[in-house]
file work-v5.tsv (TSV, C-alpha atoms)
chain	number	residue	atom	x	y	z
G	1	MET	CA	1.72	-0.86	-4.21
G	2	SER	CA	1.94	-1.94	-7.85
G	3	VAL	CA	3.29	-5.32	-6.74
G	4	LEU	CA	0.36	-5.72	-4.36
G	5	SER	CA	-2.05	-4.74	-7.12
G	6	LEU	CA	-0.49	-7.22	-9.49
G	7	ALA	CA	-0.62	-9.96	-6.86
G	8	LEU	CA	-4.29	-9.36	-6.09
G	9	VAL	CA	-5.26	-9.14	-9.75
G	10	THR	CA	-3.25	-12.26	-10.56
G	11	GLY	CA	-4.82	-14.02	-7.60
G	12	CYS	CA	-8.32	-13.17	-8.78
G	13	SER	CA	-7.66	-14.47	-12.27
G	14	GLU	CA	-5.98	-17.61	-10.89
G	15	SER	CA	-9.31	-18.76	-9.46
G	16	GLU	CA	-10.86	-18.68	-12.91
G	17	SER	CA	-8.29	-21.16	-14.19
G	18	ASN	CA	-8.29	-23.28	-11.02
G	19	GLY	CA	-12.01	-23.92	-10.83
G	20	ASP	CA	-13.26	-23.24	-7.32
G	21	LYS	CA	-9.79	-23.18	-5.75
G	22	GLY	CA	-8.17	-19.75	-5.76
G	23	LEU	CA	-8.29	-16.24	-4.44
G	24	GLY	CA	-11.77	-15.31	-5.61
G	25	SER	CA	-13.59	-13.84	-8.57
G	26	GLN	CA	-17.05	-12.50	-9.33
G	27	ASP	CA	-17.30	-15.01	-12.18
G	28	ASP	CA	-17.04	-18.07	-9.91
G	29	ALA	CA	-20.36	-19.87	-9.60
G	30	PRO	CA	-19.55	-21.40	-6.20
G	31	ALA	CA	-17.72	-19.27	-3.67
G	32	ALA	CA	-13.98	-19.47	-4.21
G	33	GLU	CA	-12.10	-21.48	-1.62
G	34	ALA	CA	-8.91	-19.97	-0.27
G	35	LEU	CA	-5.59	-21.68	-0.78
G	36	SER	CA	-3.91	-23.03	2.37
G	37	ALA	CA	-0.69	-21.59	3.77
G	38	ALA	CA	1.14	-24.70	2.50
G	39	GLU	CA	-0.25	-24.17	-1.01
G	40	LEU	CA	0.71	-20.49	-0.89
G	41	GLN	CA	4.23	-21.38	0.25
G	42	LYS	CA	4.72	-23.41	-2.94
G	43	LEU	CA	3.74	-20.35	-5.01
G	44	LEU	CA	5.88	-17.84	-3.11
G	45	VAL	CA	9.01	-16.47	-4.75
G	46	ALA	CA	12.09	-18.44	-3.67
G	47	LYS	CA	15.76	-19.12	-4.36
G	48	GLY	CA	16.48	-19.20	-8.07
G	49	ASP	CA	13.37	-17.22	-9.03
G	50	VAL	CA	15.05	-13.79	-8.98
G	51	ASP	CA	18.72	-13.30	-9.79
G	52	GLY	CA	20.70	-11.30	-7.26
G	53	PHE	CA	18.50	-12.01	-4.22
G	54	THR	CA	18.49	-14.53	-1.41
G	55	PHE	CA	15.32	-15.52	0.43
G	56	SER	CA	14.83	-16.24	4.12
G	57	ALA	CA	12.14	-16.37	6.76
G	58	VAL	CA	10.82	-13.01	7.93
G	59	ASP	CA	12.33	-12.06	11.28
G	60	LYS	CA	9.24	-11.57	13.44
G	61	THR	CA	11.22	-9.42	15.87
G	62	GLU	CA	11.66	-6.78	13.14
G	63	PHE	CA	8.11	-6.84	11.78
G	64	PRO	CA	4.77	-6.96	13.57
G	65	ALA	CA	3.56	-10.51	14.03
G	66	GLU	CA	-0.13	-9.60	14.10
G	67	LYS	CA	-2.50	-6.86	13.03
G	68	LYS	CA	-3.58	-5.93	16.55
G	69	ALA	CA	-0.07	-4.53	17.10
G	70	ILE	CA	-0.70	-1.90	14.38
G	71	THR	CA	-1.85	1.51	15.60
G	72	GLY	CA	-2.93	4.59	13.69
G	73	ASP	CA	-5.81	5.93	11.64
G	74	GLU	CA	-8.31	3.17	10.89
G	75	LYS	CA	-8.81	4.25	7.27
G	76	CYS	CA	-5.04	3.84	6.65
G	77	LYS	CA	-4.63	0.45	8.32
G	78	PRO	CA	-4.95	-1.65	5.12
G	79	LEU	CA	-2.02	0.30	3.70
G	80	THR	CA	-0.13	0.05	7.01
G	81	TYR	CA	-0.62	-3.73	7.02
G	82	VAL	CA	0.91	-4.00	3.54
G	83	MET	CA	3.84	-1.78	4.54
G	84	SER	CA	4.37	-3.93	7.64
G	85	GLY	CA	4.51	-7.22	5.76
G	86	LEU	CA	1.07	-8.35	6.90
G	87	ALA	CA	-1.78	-9.45	4.66
G	88	PRO	CA	-4.43	-6.77	4.30
G	89	GLY	CA	-8.05	-7.75	4.84
G	90	ASP	CA	-9.28	-10.98	6.37
G	91	ALA	CA	-6.94	-13.46	4.71
G	92	ALA	CA	-7.81	-17.12	5.20
G	93	ALA	CA	-4.12	-17.93	4.81
G	94	GLU	CA	-0.90	-16.01	4.30
G	95	THR	CA	2.81	-16.56	3.99
G	96	ASN	CA	5.82	-14.36	3.36
G	97	THR	CA	9.53	-14.33	2.78
G	98	MET	CA	12.30	-11.77	3.01
G	99	ALA	CA	14.15	-11.04	-0.22
G	100	THR	CA	17.64	-9.63	0.40
G	101	GLU	CA	19.83	-8.23	-2.32
G	102	GLU	CA	23.12	-10.09	-2.82
G	103	LYS	CA	25.91	-7.53	-2.88
G	104	SER	CA	29.21	-7.87	-4.65
G	105	PRO	CA	32.26	-6.81	-2.63
G	106	THR	CA	33.65	-3.38	-3.46
G	107	ASP	CA	37.30	-2.51	-4.01
G	108	THR	CA	37.53	-1.17	-0.45
G	109	ALA	CA	36.23	-4.47	0.95
G	110	SER	CA	39.58	-6.10	0.22
G	111	LYS	CA	41.51	-3.48	2.21
G	112	SER	CA	42.06	-3.61	5.95
G	113	LEU	CA	40.49	-0.84	8.03
G	114	GLU	CA	43.93	0.62	8.73
G	115	ASP	CA	44.59	1.02	4.98
G	116	LEU	CA	41.40	2.97	4.29
G	117	THR	CA	41.40	6.74	4.11
G	118	GLU	CA	38.70	8.50	6.11
G	119	GLY	CA	36.68	9.06	2.93
G	120	GLU	CA	37.07	5.42	1.83
G	121	PHE	CA	35.98	4.26	5.29
G	122	GLU	CA	32.87	6.45	5.20
G	123	ASP	CA	32.03	5.24	1.69
G	124	ALA	CA	32.59	1.57	2.62
G	125	PHE	CA	30.55	1.92	5.80
G	126	GLY	CA	27.70	3.65	3.95
G	127	ASP	CA	27.79	1.05	1.17
G	128	SER	CA	27.63	-1.80	3.70
G	129	MET	CA	24.46	-0.30	5.18
G	130	ASN	CA	22.84	0.24	1.78
G	131	ILE	CA	21.02	-2.96	0.87
G	132	ASN	CA	17.64	-3.72	-0.61
G	133	VAL	CA	15.42	-5.88	1.59
G	134	THR	CA	11.81	-6.55	0.68
G	135	VAL	CA	9.14	-8.55	2.47
G	136	VAL	CA	7.19	-10.47	-0.16
G	137	GLY	CA	3.81	-11.70	1.00
G	138	LEU	CA	1.18	-13.89	-0.52
G	139	SER	CA	-2.31	-14.22	0.92
G	140	SER	CA	-5.48	-16.06	0.00
G	141	TYR	CA	-9.10	-15.16	0.58
G	142	ASP	CA	-12.41	-16.99	0.57
G	143	GLY	CA	-15.25	-15.89	-1.70
G	144	ASP	CA	-14.98	-12.25	-2.70
G	145	GLY	CA	-12.42	-11.50	0.02
G	146	ALA	CA	-9.65	-10.64	-2.46
G	147	GLU	CA	-11.87	-8.08	-4.20
G	148	LYS	CA	-12.90	-6.50	-0.88
G	149	THR	CA	-9.27	-6.42	0.25
G	150	PHE	CA	-8.10	-4.85	-3.00
G	151	LYS	CA	-10.78	-2.16	-2.59
G	152	SER	CA	-9.77	-1.50	1.03
G	153	VAL	CA	-6.13	-0.99	0.03
G	154	THR	CA	-7.12	1.19	-2.94
G	155	ASP	CA	-9.35	3.28	-0.66
G	156	ALA	CA	-6.53	3.59	1.91
G	157	VAL	CA	-4.08	4.78	-0.74
G	158	ALA	CA	-6.54	7.50	-1.82
G	159	ALA	CA	-7.50	8.50	1.74
G	160	CYS	CA	-3.94	8.55	3.07
G	161	ALA	CA	-2.05	9.96	0.07
G	162	GLY	CA	-1.28	13.15	2.01
G	163	GLY	CA	0.56	11.19	4.69
G	164	PHE	CA	-0.35	9.35	7.85
G	165	THR	CA	1.07	8.16	11.13
G	166	ALA	CA	1.15	4.51	12.13
G	167	GLY	CA	2.97	2.34	14.64
G	168	SER	CA	3.37	-1.24	15.72
G	169	GLY	CA	3.38	-2.10	19.37
G	170	GLY	CA	6.36	-0.32	20.85

call {"tool": "encode", "arguments": {"input": "work-v5.tsv", "output": "structure tokens"}}
result
Amino acid sequence: MSVLSLALVTGCSESESNGDKGLGSQDDAPAAEALSAAELQKLLVAKGDVDGFTFSAVDKTEFPAEKKAITGDEKCKPLTYVMSGLAPGDAAAETNTMATEEKSPTDTASKSLEDLTEGEFEDAFGDSMNINVTVVGLSSYDGDGAEKTFKSVTDAVAACAGGFTAGSGG
């Protein structure tokens, strides 16, 4: 959630330095105009930005492709959207990428399966399944949309702090 907060706060302040092009701010005289998906893509974290991670397109078969697939308590949906890799609120444009941790081979990786003890096999198998994968999203909003979205997520965190149930399609 702190990353989302930082992204929304950064996005709001970006509009102040970009004139009327940005994610929105109360201080803008004209309504802020949302960035396009192509403009967002240029700003999204990518190869070379973070050591130890590779970046690839989000596999839409593993994550919901649209908000209508999300089920659960309405007051928790903004939080569910974020957890599902979708932009919360009514984003004018959004883009995302999947950041996957690059892993260094372990000592057991150089051994054949037949040479591993049962404990080494279990450790190697567990280690191969232990990887950090994060969906990083960037979204843009017209007018005061970023502020409204930030508030909806903040409200959802408070309302759903005790736990909640959500789903996506099947």

call {"tool": "closest_residue", "arguments": {"input": "work-v5.tsv", "among": "G:Leu43, G:Ala32, G:Ile70, G:Cys76", "to": "Gly162 of chain G", "atoms": "all atoms listed in the file"}}
result
G:Cys76

call {"tool": "closest_residue", "arguments": {"input": "work-v5.tsv", "among": "G:Val135, G:Met98, G:Ala159, G:Ala146", "to": "Tyr81 of chain G", "atoms": "all atoms listed in the file"}}
result
G:Val135

call {"tool": "closest_residue", "arguments": {"input": "work-v5.tsv", "among": "G:Ala161, G:Lys75, G:Ala46, G:Gly85", "to": "Glu62 of chain G", "atoms": "all atoms listed in the file"}}
result
G:Gly85

call {"tool": "atom_distance", "arguments": {"input": "work-v5.tsv", "atom1": "atom CA of Asp155 of chain G", "atom2": "atom CA of Glu94 of chain G"}}
result
21.6 Å

call {"tool": "axis_aligned_box", "arguments": {"input": "work-v5.tsv", "around": "segment 89-104 of chain G", "padding_each_side": "8 Å", "output": "JSON"}}
result
{"center_x": 10.0, "center_y": -12.7, "center_z": 0.9, "size_x": 54.5, "size_y": 26.4, "size_z": 27.0}

call {"tool": "build_atoms", "arguments": {"input": "work-v5.tsv", "residues": "segment 121-139 of chain G", "atoms": "N, CA, C and O atoms", "output": "compact mmCIF listing (two decimals), keeping the file's coordinate frame"}}
result
# COMPACT_ATOMS: atom_id res chain seq x y z
N PHE G 121 36.68 4.91 4.19
CA PHE G 121 35.98 4.26 5.29
C PHE G 121 34.51 4.66 5.31
O PHE G 121 33.63 3.82 5.44
N GLU G 122 34.25 5.97 5.20
CA GLU G 122 32.87 6.45 5.20
C GLU G 122 32.08 5.86 4.04
O GLU G 122 30.93 5.44 4.21
N ASP G 123 32.70 5.82 2.85
CA ASP G 123 32.03 5.24 1.69
C ASP G 123 31.75 3.74 1.89
O ASP G 123 30.66 3.26 1.58
N ALA G 124 32.75 3.00 2.40
CA ALA G 124 32.59 1.57 2.62
C ALA G 124 31.53 1.29 3.67
O ALA G 124 30.70 0.38 3.52
N PHE G 125 31.54 2.09 4.74
CA PHE G 125 30.55 1.92 5.80
C PHE G 125 29.14 2.20 5.26
O PHE G 125 28.21 1.42 5.48
N GLY G 126 29.00 3.31 4.54
CA GLY G 126 27.70 3.65 3.95
C GLY G 126 27.23 2.59 2.98
O GLY G 126 26.05 2.21 2.97
N ASP G 127 28.15 2.07 2.15
CA ASP G 127 27.79 1.05 1.17
C ASP G 127 27.35 -0.24 1.87
O ASP G 127 26.44 -0.92 1.41
N SER G 128 28.00 -0.57 2.99
CA SER G 128 27.63 -1.80 3.70
C SER G 128 26.23 -1.71 4.32
O SER G 128 25.58 -2.72 4.53
N MET G 129 25.78 -0.50 4.58
CA MET G 129 24.46 -0.30 5.18
C MET G 129 23.37 -0.12 4.12
O MET G 129 22.20 -0.09 4.43
N ASN G 130 23.77 0.01 2.87
CA ASN G 130 22.84 0.24 1.78
C ASN G 130 22.52 -1.07 1.09
O ASN G 130 23.29 -1.55 0.25
N ILE G 131 21.40 -1.67 1.44
CA ILE G 131 21.02 -2.96 0.87
C ILE G 131 19.50 -2.99 0.69
O ILE G 131 18.77 -2.42 1.50
N ASN G 132 19.07 -3.60 -0.36
CA ASN G 132 17.64 -3.72 -0.61
C ASN G 132 17.09 -4.98 0.06
O ASN G 132 17.55 -6.08 -0.21
N VAL G 133 16.11 -4.78 0.93
CA VAL G 133 15.42 -5.88 1.59
C VAL G 133 13.92 -5.65 1.41
O VAL G 133 13.43 -4.56 1.67
N THR G 134 13.24 -6.66 0.94
CA THR G 134 11.81 -6.55 0.68
C THR G 134 11.09 -7.74 1.30
O THR G 134 11.54 -8.87 1.15
N VAL G 135 10.00 -7.47 1.99
CA VAL G 135 9.14 -8.55 2.47
C VAL G 135 8.12 -8.83 1.36
O VAL G 135 7.41 -7.93 0.94
N VAL G 136 8.11 -10.05 0.89
CA VAL G 136 7.19 -10.47 -0.16
C VAL G 136 6.13 -11.35 0.49
O VAL G 136 6.47 -12.37 1.09
N GLY G 137 4.89 -10.94 0.38
CA GLY G 137 3.81 -11.70 1.00
C GLY G 137 2.83 -12.21 -0.03
O GLY G 137 2.66 -11.63 -1.10
N LEU G 138 2.20 -13.30 0.31
CA LEU G 138 1.18 -13.89 -0.52
C LEU G 138 0.05 -14.31 0.40
O LEU G 138 0.28 -14.98 1.41
N SER G 139 -1.16 -13.89 0.07
CA SER G 139 -2.31 -14.22 0.92
C SER G 139 -3.45 -14.72 0.06
O SER G 139 -3.51 -14.46 -1.14
